[in-house]
Amino acid sequence: MSTLRGRVHRYGDNVNTDVIIPARYLNSSDVSELASHCMEDIDADFVSKVKPGDIIVGGENFGCGSSREHAPLAIKGAGVSCVIAGSFARIFFRNAINVGLPVLVCAQAAAEAKSGDEMAADLTSGRIDNVTQSKSYQAEPFPQFLQEIISAGGLVEYTKKRLTA
Amino acid sequence: MGMTITEKILAAHSGHGKVHPGQFIMSKLDLMLGNDITAPIAIIEFSKIGAPRVADPARVVLVADHSTPNKDIKSAEQCRLMREFSLQQGVEHFFDVGRGGVEHALLPEEGLVAPGECIIGADSHTCTYGALGAFASGVGSTDLAAAMATGECWLRVPESIKVVYRGKLKPWVGGKDLILCTIGQIGVSGATYQALEFCGETIGSLPMADRFTMCNMAIEAGGKNGIIAPDAVTDEYMRSVTERPYRKLTSDSGAKYVRTIEIDASKIDLQVSTPHLPENAKPVSAVRDVTIDQSVIGSCTNGRIEDLRIAAKILKGRQVHSRVRLIVIPATQRVHLQAIREGLAEIFLEAGGALSTPTCGPCLGGHMGILAKGERAVATTNRNFVGRMGHPESEVYLAGPAVAAASAILGRIASPEELS
């Protein structure tokens with residue numbers, strides 16, 4: 001996989017799925033429509049300032065709350081290349097893996113990043129660079145099992161392979 | 001080394017004699033669930049997988065409960081997709097308006113979940129069924145899609161936290177207060193990726209409704225599942241809903257826990273969690289100056305008949321405060337009917353409350369009680385995140401039915417003890 005690179009949008013701890021995509025928009029499953037309301041209740045300007053490749057950085061427990069897959073889909077649909085956080089809530093984490101939104105766990109990189117920093121992440125090695133601050137970090141590696149889902153391209157492709165194997 | 005009840009259920013469903021925390025397994029599923037928000041995406045992803053049929057339609061449950069009765073055209077389309085899929089795939093457990101209710105109150109009542117079973121649901125509060133001694137966990141839509149295609153789901157075996165409650169509860173104190181207090185102690189990520197096993201003498205004498213409330217909110221501490229070992233209370237409940245056999249498992253005495261928390265339940269007061277996290281739990285006396293605009297009694301957390309009985313006991317012969325809107329939402333069609341038969345409906349209506357057909361509605365800020373900017377609600381629901389019930393500058397205070405009813409009368413957050 002290639003290196004991801006973009007500007008940081010930095011948020012705090014416990015960024016929940018209600019602020020990532022408020023429930024008032026869950027009457028749609030359309031990714032571009034969901035993306036147009038991404039982060040609306042925590043950062044009203046997010047949609048206007050996000051650029052393809054940008055990186056969302058959160059603190060602890062990113063994605064806590066509901067099971068709505070609309071949350072990682074909205075983030076992915078907004079053009080965000082990956083989410084880096086100190087830790088992730090479990091349903092958000094598995095949804096991100098399943099839908100192919102790269103997520104990286106690295107508490108130090110998350111803590112030291114500031115909005116506007118340019119960061120790069122190499123999904124294969126787990127290396128994270130904060131280009132602006134000239135710092136490098138190492139994300140926690142994925143367990144073997146999850147790597148298989150990720151390298152298949154998500155759970156749909158993984159399941160296809162299982163069913164035809 | 002012994003196993004916990006969670007490990008035993010996962011071992012039995014994955015073809016392993018033993019499993020250990022951290023192990024990744026493919027678990028066979030007894031039941032999989034989706035609703036009108038999560039199922040539409042699952043149906044789209046299911047078609048991408050290319051499996052012609054659902055592996056076992058009898059194990060699929062689809063419930064139209066979140067934006068129902070359809071709040072707008074888009075919601076109606078979501079429900080229609082689910083309805084058509086159910087018909088096409090032979091999913092008999094499709095619960096539509098007027099025949100179902102809020103999923104996590106509905107499934108136990110229908111006898112669809114039982115001790116020892118392994119259940120996933122594309123809804124975070126699926127963990128509710130752990131109250132029966134089942135493994136139940138919330139997942140996303142793509143997980144549901146893959147589960148419908150294969151009958152299985154990938155899981156990481158969780159570590160377990162044991163929470164032991166001792167002592168007799170104070171008057172009006174119930175499962176909601178126990179779980180809010182517990183989340184207050186361990187925090188909203190205190191059990192992330194882990195199982196929360198509730199036990200101790202207090203749990204032993206706790207009614208099934210309160211047990212559902214507790215396990216329902218395991219996710220609010222980040223938990224993968226909440227679980228209570230089945231006992232005589234569980235048996236009595238199961239006998240009332242189904243005749244099918246089930247497997248009662250309990251944790252071994254040598255089972256390993258990452259943490260054991262001891263809680264003196266006799267000291268717990270009625271609890272309120274202040275905005276904007278469920279972990280902000282405080283005794284009701286600490287927030288009694290907070291005025292409210294709305295009180296919501298319902299949801300998968302506290303919309304059962306037992307909750308409505310508590311609220312009705314307090315509201316009987318009293319009036320809802322002139323500045324407050326009280327919205328009572330029985331969680332299921334059966335609960336609604338029972339509330340009418342027992343005369344609870346009359347009490348709510350005579351008190352000046354609004355009584356709604358079952359829906360998740362206001363709990364997630366969908367419809368049926370949305371808050372304006374600056375408004376404040378006390379609710380028996382499960383989340384008080386920013387904007388959860390409406391405007392991003394509105395507020396939700398979480399509590400049990402006793403506090404929600406007393407607050408509706410006094411116009412501020414209150415304990416029923418304050419009523420003359």
# chains A, B, ... in the order shown; residues from 1 in each chain; ligands from 1
>>> interface_residues(of="chain A", to="chain B", cutoff="9 Å", atoms="only C-alpha atoms", output="number ranges by chain")
A: 14, 16, 18-19, 22-29, 41-42, 60-61, 64-70, 88-92, 94-95, 98-99, 143, 145-146, 155-157, 159-160, 162-163
>>> write_last_selection(atoms="N, CA and C atoms", output="short mmCIF file (atom, residue, chain, number, x, y, z; two decimals), in the first residue's frame")
data_model
loop_
_atom_site.label_atom_id
_atom_site.label_comp_id
_atom_site.auth_asym_id
_atom_site.auth_seq_id
_atom_site.Cartn_x
_atom_site.Cartn_y
_atom_site.Cartn_z
N ASN A 14 -12.66 10.90 23.00
CA ASN A 14 -14.08 10.49 22.93
C ASN A 14 -14.86 11.15 21.79
N ASN A 16 -17.29 11.00 19.31
CA ASN A 16 -18.29 9.94 19.18
C ASN A 16 -18.96 9.95 17.81
N ASP A 18 -21.98 10.23 17.03
CA ASP A 18 -23.03 11.24 16.86
C ASP A 18 -22.47 12.55 16.32
N VAL A 19 -21.24 12.89 16.67
CA VAL A 19 -20.66 14.12 16.11
C VAL A 19 -19.99 13.84 14.77
N PRO A 22 -24.21 13.05 12.58
CA PRO A 22 -25.41 13.11 13.43
C PRO A 22 -26.55 12.23 12.91
N ALA A 23 -27.33 11.71 13.84
CA ALA A 23 -28.40 10.77 13.50
C ALA A 23 -29.45 11.37 12.56
N ARG A 24 -29.55 12.71 12.56
CA ARG A 24 -30.56 13.32 11.68
C ARG A 24 -30.27 13.06 10.20
N TYR A 25 -29.07 12.62 9.89
CA TYR A 25 -28.73 12.32 8.49
C TYR A 25 -28.71 10.82 8.19
N LEU A 26 -29.08 10.00 9.19
CA LEU A 26 -28.98 8.55 8.98
C LEU A 26 -30.14 7.97 8.19
N ASN A 27 -31.03 8.85 7.69
CA ASN A 27 -32.09 8.33 6.81
C ASN A 27 -31.55 8.12 5.40
N SER A 28 -30.24 8.29 5.24
CA SER A 28 -29.62 8.04 3.94
C SER A 28 -28.43 7.09 4.09
N SER A 29 -28.23 6.26 3.07
CA SER A 29 -27.05 5.39 3.04
C SER A 29 -26.09 5.87 1.95
N ASP A 41 -21.23 18.44 13.87
CA ASP A 41 -21.56 18.94 15.21
C ASP A 41 -20.34 19.20 16.10
N ILE A 42 -19.16 18.85 15.60
CA ILE A 42 -17.96 19.12 16.40
C ILE A 42 -17.09 20.17 15.70
N GLU A 60 -8.06 9.65 22.76
CA GLU A 60 -8.45 8.30 23.17
C GLU A 60 -9.91 8.04 22.78
N ASN A 61 -10.23 6.75 22.58
CA ASN A 61 -11.62 6.29 22.40
C ASN A 61 -12.30 6.92 21.19
N CYS A 64 -16.39 6.38 19.64
CA CYS A 64 -17.25 5.72 20.63
C CYS A 64 -18.71 6.01 20.31
N GLY A 65 -19.59 5.16 20.85
CA GLY A 65 -21.01 5.36 20.65
C GLY A 65 -21.62 4.30 19.77
N SER A 66 -22.40 4.73 18.79
CA SER A 66 -23.25 3.80 18.06
C SER A 66 -22.47 2.95 17.07
N SER A 67 -23.18 1.97 16.50
CA SER A 67 -22.54 1.03 15.58
C SER A 67 -22.59 1.54 14.14
N ARG A 68 -23.12 2.75 13.96
CA ARG A 68 -23.36 3.24 12.60
C ARG A 68 -22.10 3.22 11.74
N GLU A 69 -22.16 2.41 10.68
CA GLU A 69 -21.05 2.33 9.74
C GLU A 69 -20.99 3.61 8.91
N HIS A 70 -22.08 4.38 8.99
CA HIS A 70 -22.13 5.68 8.33
C HIS A 70 -20.96 6.56 8.79
N PHE A 88 -9.09 3.47 19.72
CA PHE A 88 -10.38 3.51 19.03
C PHE A 88 -11.41 2.71 19.81
N ALA A 89 -12.68 3.17 19.76
CA ALA A 89 -13.78 2.36 20.28
C ALA A 89 -13.92 1.15 19.36
N ARG A 90 -14.35 0.01 19.94
CA ARG A 90 -14.21 -1.23 19.18
C ARG A 90 -15.12 -1.34 17.95
N ILE A 91 -16.35 -0.88 18.01
CA ILE A 91 -17.22 -1.06 16.84
C ILE A 91 -16.73 -0.17 15.69
N PHE A 92 -16.33 1.07 16.03
CA PHE A 92 -15.79 1.95 14.99
C PHE A 92 -14.56 1.31 14.36
N ARG A 94 -13.68 -1.90 14.13
CA ARG A 94 -13.95 -3.01 13.23
C ARG A 94 -14.68 -2.54 11.97
N ASN A 95 -15.54 -1.54 12.11
CA ASN A 95 -16.20 -0.99 10.92
C ASN A 95 -15.18 -0.38 9.96
N ASN A 98 -13.43 -3.13 8.23
CA ASN A 98 -14.35 -3.80 7.31
C ASN A 98 -14.62 -2.99 6.04
N VAL A 99 -14.70 -1.65 6.17
CA VAL A 99 -15.02 -0.83 4.98
C VAL A 99 -13.78 -0.26 4.30
N PRO A 143 -2.98 -7.22 14.22
CA PRO A 143 -2.86 -8.66 14.34
C PRO A 143 -2.97 -9.31 12.95
N PHE A 145 -4.71 -11.67 11.73
CA PHE A 145 -6.07 -11.89 11.23
C PHE A 145 -6.62 -10.64 10.55
N LEU A 146 -6.40 -9.49 11.21
CA LEU A 146 -6.92 -8.24 10.64
C LEU A 146 -6.17 -7.86 9.38
N LEU A 155 -13.99 -6.42 4.39
CA LEU A 155 -14.70 -7.66 4.75
C LEU A 155 -15.51 -8.23 3.60
N VAL A 156 -16.03 -7.38 2.70
CA VAL A 156 -16.82 -7.90 1.58
C VAL A 156 -15.93 -8.77 0.69
N GLU A 157 -14.76 -8.26 0.35
CA GLU A 157 -13.84 -9.03 -0.51
C GLU A 157 -13.34 -10.28 0.22
N THR A 159 -14.90 -11.95 2.52
CA THR A 159 -15.99 -12.93 2.60
C THR A 159 -16.21 -13.60 1.24
N LYS A 160 -16.10 -12.81 0.17
CA LYS A 160 -16.21 -13.37 -1.19
C LYS A 160 -15.22 -14.51 -1.37
N ARG A 162 -13.74 -16.28 0.95
CA ARG A 162 -14.06 -17.41 1.82
C ARG A 162 -15.15 -18.27 1.19
N LEU A 163 -16.14 -17.61 0.59
CA LEU A 163 -17.28 -18.34 0.04
C LEU A 163 -16.92 -19.11 -1.22
#
>>> residues_around(residues="Ala134 in chain B", least_positions_apart="4", cutoff="8 Å", atoms="only C-alpha atoms", output="ChimeraX atom specification")
/B:6,9,113-119,129-130,227
>>> select_by_dssp(residues="chain A", states="alpha helix (DSSP H)", output="PyMOL selection string")
chain A and resi 17-20+31-35+46-49+70-77+90-99+107-112+144-152+155-164
>>> write_last_selection(atoms="C-alpha atoms", output="mmCIF file, in the first residue's frame")
data_model
loop_
_atom_site.group_PDB
_atom_site.id
_atom_site.type_symbol
_atom_site.label_atom_id
_atom_site.label_comp_id
_atom_site.auth_asym_id
_atom_site.auth_seq_id
_atom_site.Cartn_x
_atom_site.Cartn_y
_atom_site.Cartn_z
ATOM 1 C CA THR A 17 -20.257 8.689 16.180
ATOM 2 C CA ASP A 18 -23.033 11.235 16.856
ATOM 3 C CA VAL A 19 -20.664 14.115 16.109
ATOM 4 C CA ILE A 20 -18.941 12.276 13.239
ATOM 5 C CA VAL A 31 -21.866 8.050 1.003
ATOM 6 C CA SER A 32 -21.475 11.459 -0.652
ATOM 7 C CA GLU A 33 -24.506 12.780 1.201
ATOM 8 C CA LEU A 34 -23.178 11.428 4.514
ATOM 9 C CA ALA A 35 -19.765 12.924 3.730
ATOM 10 C CA PHE A 46 -14.695 20.571 8.457
ATOM 11 C CA VAL A 47 -16.453 19.788 5.188
ATOM 12 C CA SER A 48 -15.416 23.093 3.595
ATOM 13 C CA LYS A 49 -11.766 22.845 4.628
ATOM 14 C CA HIS A 70 -22.129 5.677 8.326
ATOM 15 C CA ALA A 71 -19.359 7.164 10.541
ATOM 16 C CA PRO A 72 -16.292 5.617 8.845
ATOM 17 C CA LEU A 73 -18.124 5.869 5.490
ATOM 18 C CA ALA A 74 -18.672 9.615 5.972
ATOM 19 C CA ILE A 75 -15.009 10.124 6.901
ATOM 20 C CA LYS A 76 -13.832 8.053 3.945
ATOM 21 C CA GLY A 77 -16.303 9.800 1.646
ATOM 22 C CA ARG A 90 -14.214 -1.227 19.180
ATOM 23 C CA ILE A 91 -17.218 -1.060 16.835
ATOM 24 C CA PHE A 92 -15.787 1.952 14.989
ATOM 25 C CA PHE A 93 -12.449 0.137 14.728
ATOM 26 C CA ARG A 94 -13.949 -3.015 13.229
ATOM 27 C CA ASN A 95 -16.198 -0.988 10.922
ATOM 28 C CA ALA A 96 -13.187 0.957 9.660
ATOM 29 C CA ILE A 97 -11.279 -2.272 8.957
ATOM 30 C CA ASN A 98 -14.348 -3.801 7.307
ATOM 31 C CA VAL A 99 -15.023 -0.833 4.977
ATOM 32 C CA ALA A 107 -0.841 7.624 21.198
ATOM 33 C CA GLN A 108 2.285 9.763 20.881
ATOM 34 C CA ALA A 109 1.740 10.762 17.248
ATOM 35 C CA ALA A 110 -1.850 11.624 18.118
ATOM 36 C CA ALA A 111 -0.912 13.617 21.213
ATOM 37 C CA GLU A 112 1.785 15.684 19.497
ATOM 38 C CA GLN A 144 -2.338 -11.194 11.529
ATOM 39 C CA PHE A 145 -6.068 -11.892 11.232
ATOM 40 C CA LEU A 146 -6.922 -8.236 10.636
ATOM 41 C CA GLN A 147 -4.088 -7.894 8.141
ATOM 42 C CA GLU A 148 -5.781 -10.583 6.075
ATOM 43 C CA ILE A 149 -9.029 -8.582 5.960
ATOM 44 C CA ILE A 150 -7.144 -5.365 5.205
ATOM 45 C CA SER A 151 -5.076 -6.918 2.416
ATOM 46 C CA ALA A 152 -8.215 -8.481 0.916
ATOM 47 C CA LEU A 155 -14.698 -7.656 4.746
ATOM 48 C CA VAL A 156 -16.818 -7.898 1.582
ATOM 49 C CA GLU A 157 -13.845 -9.031 -0.506
ATOM 50 C CA TYR A 158 -12.577 -11.250 2.322
ATOM 51 C CA THR A 159 -15.990 -12.928 2.598
ATOM 52 C CA LYS A 160 -16.215 -13.366 -1.194
ATOM 53 C CA LYS A 161 -12.910 -15.254 -1.086
ATOM 54 C CA ARG A 162 -14.062 -17.411 1.816
ATOM 55 C CA LEU A 163 -17.283 -18.341 0.044
ATOM 56 C CA THR A 164 -15.514 -19.314 -3.188
#
>>> residues_around(residues="Met1 in chain B", least_positions_apart="6", cutoff="9 Å", atoms="only C-alpha atoms", output="PyMOL selection string")
chain B and resi 252+254-256
>>> closest_residue(among="B:Gly34, B:Gly151, B:Pro358, B:Pro108", to="Thr242 in chain B", atoms="only C-alpha atoms")
B:Pro108
>>> residues_around(residues="Asp117 in chain A", least_positions_apart="4", cutoff="10 Å", atoms="only C-alpha atoms", output="JSON, numbers by chain")
{"A": [6, 7, 8, 9, 10, 55, 113, 130, 131, 132, 133]}
>>> write_last_selection(atoms="C-alpha atoms", output="CSV table (one decimal), in the first residue's frame")
chain,number,residue,atom,x,y,z
A,6,GLY,CA,-2.2,15.2,4.1
A,7,ARG,CA,-3.0,18.0,6.5
A,8,VAL,CA,-4.1,17.2,10.1
A,9,HIS,CA,-7.6,17.9,11.5
A,10,ARG,CA,-7.0,17.4,15.2
A,55,ILE,CA,-5.7,13.0,8.1
A,113,ALA,CA,-0.1,16.4,16.2
A,130,ASN,CA,4.8,14.5,11.2
A,131,VAL,CA,6.5,16.4,8.3
A,132,THR,CA,5.8,19.8,9.9
A,133,GLN,CA,7.4,18.9,13.2
>>> atom_distance(atom1="CA of Gln138 in chain A", atom2="CA of Gly153 in chain A")
22.6 Å
